[in-house]
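Trainee: This is the structure I want to talk about, given as structure tokens.
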Amino acid sequence: MTDRLIALEGAVNFRDLGGYATEDGRHTRWRVLFRADGLGELTETDLAVMRQLGIRTVVDLRSGYEVEQSRFDVDAHPVAFHHFPFIDALPDVESWDRRPGLLGAQYTEMLDDAGPQIVGALEVLAAAEACPAVFHCTAGKDRTGLLSAIVLSLLGVPEDTVVADYALSGQAMERLRAKLVLKYPDGRDVIADLDEVFSADPANMVALFAYLRRHYGSMAAYAERIGVADEVTARLRATLLEPAA
């Protein structure tokens with residue numbers, strides 16, 4: 001059985017999006033598209049894994065500030081690097097207390113406001129010779145979770161499977177929290193208090209799909225609304241799906 005989680009020393013949530021059944025009976029291809037958390041602390045051992053996987057493209061969904069702090073080492077492993085910030089800046093710590101449900105609200109705001117960035121990311125992933133590719137943010141859960149939901153849905157993966165894929169980040173968040181405590185020991189109490197930040201509650205993705213249906217009708221209609229060309233979706237399906245039986 002192919003492992004979905006790719007074990008790395010410098011990242012905690014690097015996962016393969018292969019092996020998911022679609023509504024027409026096909027499956028997403030293994031070892032072609034990956035989702036991940038921050039890739040700025042990969043070790044030499046990790047970079048060897050990147051080479052073994054044949055990673056050609058990295059799509060970074062983080063803010064400009066986050067990219068300035070750390071980014072994938074394109075000198076150690078040359079790739080086509082693309083930056084599409086889904087949000088301008090991360091919410092500050094106090095925002096989580098002021099706005100209960102901020103995580104779910106952030107998802108719908110990105111869906112409404114990050115259309116050009118989403119289109120750009122999809123066009124890159126659909127381009128010839130782009131794959132194997134990885135897209136990522138800082139935790140590999142929120143911005144990455146939104147793009148994963150869009151890609152998988154356009155491929156025909158059922159909603160419940162997309163929700164389950166999102167929820168897989170839950171275990172990774174415990175690893176991320178432990179990693180951050182070691183990195184920022186003075187912030188231990190703050191990190192311990194940010195349960196929503198480190199959650200991957202399936203209800204967040206269920207709510208996102210409900211919002212999508214109310215405001216756009218379907219993922220295909222949403223993609224059309226923001227300007228995703230039919231040929232982009234067709235190329236994604238040709239690249240990321242196993243051939244029909």
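Letters for chains follow the order of the structure tokens (A, B, ...), residue numbers begin at 1 for each chain, and ligand numbers begin at 1 in the order shown.
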With a distance cut-off of 12 Å and only C-alpha atoms, select the neighbouring residues of Val49 (chain A), excluding the residue or stretch itself and same-chain residues fewer than 4 positions from it, and output the selection as an mmCIF file with C-alpha atoms, in the first residue's frame.
Mentor:
data_model
loop_
_atom_site.group_PDB
_atom_site.id
_atom_site.type_symbol
_atom_site.label_atom_id
_atom_site.label_comp_id
_atom_site.auth_asym_id
_atom_site.auth_seq_id
_atom_site.Cartn_x
_atom_site.Cartn_y
_atom_site.Cartn_z
ATOM 1 C CA ILE A 6 5.641 11.380 3.509
ATOM 2 C CA ALA A 7 7.822 11.304 6.628
ATOM 3 C CA LEU A 8 10.216 14.271 6.697
ATOM 4 C CA GLU A 9 12.459 15.785 9.333
ATOM 5 C CA GLY A 10 11.725 19.433 8.532
ATOM 6 C CA ALA A 11 7.993 19.226 7.729
ATOM 7 C CA PHE A 14 3.560 16.464 3.612
ATOM 8 C CA ARG A 31 3.047 10.411 -6.402
ATOM 9 C CA LEU A 42 13.889 20.762 4.991
ATOM 10 C CA THR A 43 17.074 18.873 5.838
ATOM 11 C CA GLU A 44 19.495 17.287 3.408
ATOM 12 C CA THR A 45 17.727 14.003 4.033
ATOM 13 C CA LEU A 53 9.822 12.004 -5.600
ATOM 14 C CA GLY A 54 10.936 14.032 -8.603
ATOM 15 C CA ILE A 55 9.346 17.264 -7.373
ATOM 16 C CA HIS A 77 16.795 21.279 -5.333
#
Trainee: List as a PyMOL selection string the protein and nucleic acid residues near Glu242 (chain A), meaning an atom at most 6 Å away when only C-alpha atoms are counted, but skip any in the same chain fewer than 5 places from it.
Mentor: chain A and resi 27-29
Trainee: Quick one: write out the picked residues with N, CA and C atoms as a compact mmCIF listing (two decimals), in the first residue's frame?
Mentor:
# COMPACT_ATOMS: atom_id res chain seq x y z
N HIS A 27 -9.56 6.99 -10.10
CA HIS A 27 -8.81 7.33 -8.89
C HIS A 27 -7.77 8.40 -9.20
N THR A 28 -7.47 9.21 -8.21
CA THR A 28 -6.39 10.17 -8.37
C THR A 28 -5.06 9.42 -8.37
N ARG A 29 -4.12 9.90 -9.14
CA ARG A 29 -2.84 9.22 -9.30
C ARG A 29 -1.94 9.46 -8.09
Trainee: Between CA of Arg71 (chain A) and CA of Ala128 (chain A), measure the distance and give it in Å to one decimal.
Mentor: 23.9 Å
Trainee: DSSP on the backbone: what in region 33-172 of chain A comes out alpha helix (DSSP H), as a VMD selection string?
Mentor: chain A and resid 44 to 53 64 to 69 93 to 98 102 to 113 115 to 126 143 to 154 159 to 167 169 to 172
Trainee: Compile the contact shell of region 136-147 of chain A as a tab-separated table (two decimals) with C-alpha atoms, in the first residue's frame: residues with an atom at most 6 Å away, counting only C-alpha atoms, same-chain residues fewer than 3 positions apart removed.
Mentor:
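This is the output file out-v2.tsv:
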chain	number	residue	atom	x	y	z
A	35	ARG	CA	0.05	19.04	-0.17
A	36	ALA	CA	2.29	20.22	2.65
A	37	ASP	CA	3.12	22.57	5.47
A	38	GLY	CA	6.12	24.91	5.45
A	60	ASP	CA	3.65	28.59	-2.05
A	61	LEU	CA	0.29	29.91	-0.79
A	62	ARG	CA	1.67	31.94	2.13
A	150	ILE	CA	-10.93	22.82	-5.01
A	166	TYR	CA	-8.81	17.76	5.36
Trainee: Could you pull the residues within 9 Å of Asn204 (chain A), counting only C-alpha atoms, minus those fewer than 5 positions along the same chain, as a PyMOL selection string?
Mentor: chain A and resi 103-105+107+163+209
Trainee: Just the residues within 6 Å of region 79-93 of chain A, please, counting only C-alpha atoms, with nothing from its chain fewer than 4 positions along; format it as a PyMOL selection string.
Mentor: chain A and resi 56-63+74+114+117
Trainee: Separation of CA of Val228 (chain A) and CA of Val119 (chain A), in Å?
Mentor: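 The value is 5.7 Å.
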Trainee: Taking the backbone alone, and naming residues the way the document does, which bits of region 46-215 of chain A are strand (DSSP E) by DSSP, as a list in words?
Mentor: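 Checking each residue of region 46-215 of chain A, the strand (DSSP E) ones are Thr57, Val58, Val59, Asp60, Ala80, Phe81, His82, His83, Ala133, Val134, Phe135 and His136 of chain A.
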Trainee: In Å to one decimal, how far is CA of Leu236 (chain A) from CA of Ala126 (chain A)?
Mentor: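 Rounded to one decimal, the two atoms are 4.9 Å apart.
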Trainee: For Val134 (chain A), which residue out of A:Ala229, A:Leu39, A:Ala21, A:Ala178 is the nearest one, using only C-alpha atoms?
Mentor: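 When distances to Val134 (chain A) are compared using only C-alpha atoms, the smallest one comes from A:Leu39.
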